[in-house]
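Written below as structure tokens is the structure these notes are about.
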Amino acid sequence: MSGWPADQIIKRSLSELSASAHNSRTHSEAQIAKLADAIKEWGWTVPVVIDEDGQLIAGHGRIMAAERLGIAEVPCVVATGWSEAKKRAYLVADNRIAEMSGWDMSSLISEAQFLMDEGFNIDLAGIDEIFLGASLGEYEPILEPTASHREITDADIDKTQGKLEAAYDKAAEQSLISVMCPHCGEEFEVSGK
């Protein structure tokens with residue numbers, strides 16, 4: 001297939017780009033900070049998608065991170081000739097389709113362990129102990145110190161138990177979502193799990 005938007009990557013000044021008024025994806029300050037940290041670590045790896053007028057179709061969060069970092073120009077692909085409906089559909093699809101994937105937790109834990117063993121900050125990859133524990137439905141503590149032949153003490157167990165309780169509490173807070181009843185309009189929180 002030819003004529004894909006990604007066939008040609010161009011650089012555009014941030015001042016030439018504008019956010020879509022139809023973007024329904026939100027970005028928290030914490031996520032923007034993580035995106036900025038990722039850009040600092042790996043550089044710019046995925047171009048944003050724009051229309052011929054410079055309106056963003058995909059990449060709003062990366063643009064916010066670029067602004068935070070003071071980046072003047074970013075790589076873009078131009079979706080040429082797309083109808084308004086096609087642009088708006090892709091605006092949603094770019095985020096929603098990715099959310100439909102799952103995780104091979106065994107592989108993810110293995111990768112996280114490798115990165116930690118190498119001294120890499122796994123938070124840059126969006127991985128933290130709370131995510132790993134909550135995703136597994138359990139929490140497997142790593143006792144400290146790292147000396148392999150040291151006897152485990154009650155203090156080690158208490159420290160790990162505290163981490164477990166904090167991780168569980170944070171995961172429980174993050175798993176609540178607000179929903180609105182389509183019949184009566186009442187809003188309430190339910191578990192997102």
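Here, A, B, ... name the chains of the structure tokens in the order displayed, residue numbers run from 1 inside each chain, and ligands are numbered from 1 in the same displayed order.
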
Any idea what's packed within 9 Å of stretch 90-98 of chain A, counting only C-alpha atoms, ignoring anything in its chain fewer than 5 positions away? Could you give it as a PDB file with C-alpha atoms, in the first residue's frame?
```
ATOM      1  CA  SER A  20      -7.893  19.335  17.973  1.00  0.00           C
ATOM      2  CA  HIS A  22     -12.404  17.157  19.326  1.00  0.00           C
ATOM      3  CA  ASN A  23      -9.677  15.392  21.310  1.00  0.00           C
ATOM      4  CA  SER A  24     -11.447  13.407  24.033  1.00  0.00           C
ATOM      5  CA  ARG A  25      -8.251  11.934  25.488  1.00  0.00           C
ATOM      6  CA  LEU A  56      -3.148  17.515  15.649  1.00  0.00           C
ATOM      7  CA  ILE A  57      -4.828  14.202  14.979  1.00  0.00           C
ATOM      8  CA  ALA A  58      -2.580  12.089  17.233  1.00  0.00           C
ATOM      9  CA  ALA A  85     -14.829  12.086   9.816  1.00  0.00           C
TER      10      ALA A  85
END
```

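Using only C-alpha atoms, the residues found no farther than 12 Å from A:Ala36, other than those of its own chain fewer than 4 positions away, are Glu29, Ala30, Gln31, Ile32, Lys40, Glu41, Trp42, Gly43, Trp44, Gly61, Arg62, Ile63, Met64, Ala65, Ala66, Glu67, Arg68, Leu69, Gly70, Ile71, Leu124 and Ala125 of chain A.
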
Excluding A:Ala72 and its own-chain neighbours fewer than 4 positions away, which residues fall within 10 Å of it when counting only C-alpha atoms? Please give them as a VMD selection string.
chain A and resid 11 to 15 66 to 67

Dump as a compact mmCIF listing (two decimals), in the first residue's frame, selection limited to C-alpha atoms:
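Just written: out00.txt:
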```
# COMPACT_ATOMS: atom_id res chain seq x y z
CA LYS A 11 9.53 18.68 11.16
CA ARG A 12 7.14 21.41 12.19
CA SER A 13 7.45 24.18 14.72
CA LEU A 14 5.16 23.83 17.72
CA SER A 15 3.83 27.28 16.88
CA ALA A 66 7.52 18.94 24.18
CA GLU A 67 6.20 22.31 25.35
```

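Shortest separation to A:Ser83 among A:Glu111, A:Asp7, A:Glu52, A:Asp154 occurs at residue A:Glu52, atoms counted being only C-alpha atoms.
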
A:Leu35, A:Met105, A:Ala79, A:Ala155: which is nearest A:Gln55, counting only C-alpha atoms?
A:Ala79

Among stretch 73-116 of chain A, which residues does DSSP mark as alpha helix (DSSP H) when it is run on the backbone? Keep the chain and numbering as in the structure and answer as a ChimeraX atom specification.
/A:84-99,105-116

Limited to N, CA and C atoms, could you put the picked residues into a file as a compact mmCIF listing (two decimals), in the first residue's frame?
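Written out: selection-v6.txt:
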```txt
# COMPACT_ATOMS: atom_id res chain seq x y z
N GLU A 84 -13.03 15.04 7.42
CA GLU A 84 -13.18 15.39 8.84
C GLU A 84 -13.54 14.15 9.65
N ALA A 85 -14.42 13.31 9.11
CA ALA A 85 -14.83 12.09 9.82
C ALA A 85 -13.64 11.14 9.99
N LYS A 86 -12.82 10.99 8.97
CA LYS A 86 -11.67 10.10 9.06
C LYS A 86 -10.67 10.61 10.10
N LYS A 87 -10.42 11.91 10.13
CA LYS A 87 -9.51 12.50 11.11
C LYS A 87 -10.04 12.27 12.53
N ARG A 88 -11.32 12.52 12.73
CA ARG A 88 -11.89 12.39 14.07
C ARG A 88 -11.97 10.93 14.51
N ALA A 89 -12.20 10.04 13.56
CA ALA A 89 -12.21 8.61 13.90
C ALA A 89 -10.81 8.15 14.32
N TYR A 90 -9.78 8.62 13.60
CA TYR A 90 -8.42 8.23 13.96
C TYR A 90 -8.01 8.84 15.30
N LEU A 91 -8.48 10.03 15.58
CA LEU A 91 -8.21 10.70 16.85
C LEU A 91 -8.63 9.80 18.02
N VAL A 92 -9.76 9.13 17.88
CA VAL A 92 -10.23 8.20 18.91
C VAL A 92 -9.50 6.86 18.80
N ALA A 93 -9.42 6.32 17.58
CA ALA A 93 -8.84 4.99 17.38
C ALA A 93 -7.40 4.90 17.86
N ASP A 94 -6.62 5.95 17.66
CA ASP A 94 -5.22 5.94 18.06
C ASP A 94 -5.06 5.62 19.54
N ASN A 95 -5.98 6.08 20.35
CA ASN A 95 -5.92 5.81 21.80
C ASN A 95 -6.71 4.57 22.20
N ARG A 96 -7.89 4.42 21.69
CA ARG A 96 -8.76 3.33 22.12
C ARG A 96 -8.24 1.95 21.72
N ILE A 97 -7.72 1.81 20.52
CA ILE A 97 -7.25 0.50 20.09
C ILE A 97 -6.09 0.04 20.96
N ALA A 98 -5.20 0.94 21.33
CA ALA A 98 -4.07 0.57 22.20
C ALA A 98 -4.56 0.11 23.57
N GLU A 99 -5.66 0.69 24.06
CA GLU A 99 -6.19 0.31 25.36
C GLU A 99 -6.77 -1.10 25.36
N MET A 105 1.94 -10.84 31.84
CA MET A 105 2.53 -10.40 33.10
C MET A 105 3.83 -11.10 33.42
N SER A 106 3.95 -12.36 33.04
CA SER A 106 5.20 -13.07 33.28
C SER A 106 6.35 -12.39 32.53
N SER A 107 6.10 -12.05 31.28
CA SER A 107 7.10 -11.37 30.47
C SER A 107 7.40 -9.97 31.02
N LEU A 108 6.35 -9.25 31.41
CA LEU A 108 6.53 -7.90 31.94
C LEU A 108 7.36 -7.92 33.22
N ILE A 109 7.07 -8.87 34.09
CA ILE A 109 7.83 -8.97 35.35
C ILE A 109 9.27 -9.33 35.05
N SER A 110 9.47 -10.22 34.09
CA SER A 110 10.83 -10.59 33.69
C SER A 110 11.59 -9.38 33.16
N GLU A 111 10.93 -8.58 32.31
CA GLU A 111 11.56 -7.37 31.77
C GLU A 111 11.85 -6.36 32.88
N ALA A 112 10.91 -6.18 33.79
CA ALA A 112 11.10 -5.25 34.90
C ALA A 112 12.28 -5.69 35.76
N GLN A 113 12.37 -7.00 36.02
CA GLN A 113 13.48 -7.51 36.83
C GLN A 113 14.81 -7.29 36.13
N PHE A 114 14.85 -7.55 34.81
CA PHE A 114 16.08 -7.31 34.05
C PHE A 114 16.49 -5.84 34.15
N LEU A 115 15.53 -4.94 33.93
CA LEU A 115 15.83 -3.51 33.98
C LEU A 115 16.32 -3.09 35.35
N MET A 116 15.68 -3.60 36.40
CA MET A 116 16.13 -3.27 37.77
C MET A 116 17.53 -3.82 38.02
```

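Atom pair atom CA of A:Val49 / atom CA of A:Asp37: separated by 21.1 Å.
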
Please compute the atom CA of A:Glu16-atom CA of A:Lys34 distance, one decimal, in Å.
24.4 Å

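The smallest atom-to-atom distance between A:Thr80 and any of A:Asp123, A:Asp128, A:Asp51, A:Asp117, using only C-alpha atoms, is found for A:Asp51.
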
Find the residue from A:Ile9, A:Leu164, A:Met100, A:Ala33 that sits nearest to A:Ile50; use only C-alpha atoms when measuring.
A:Ile9
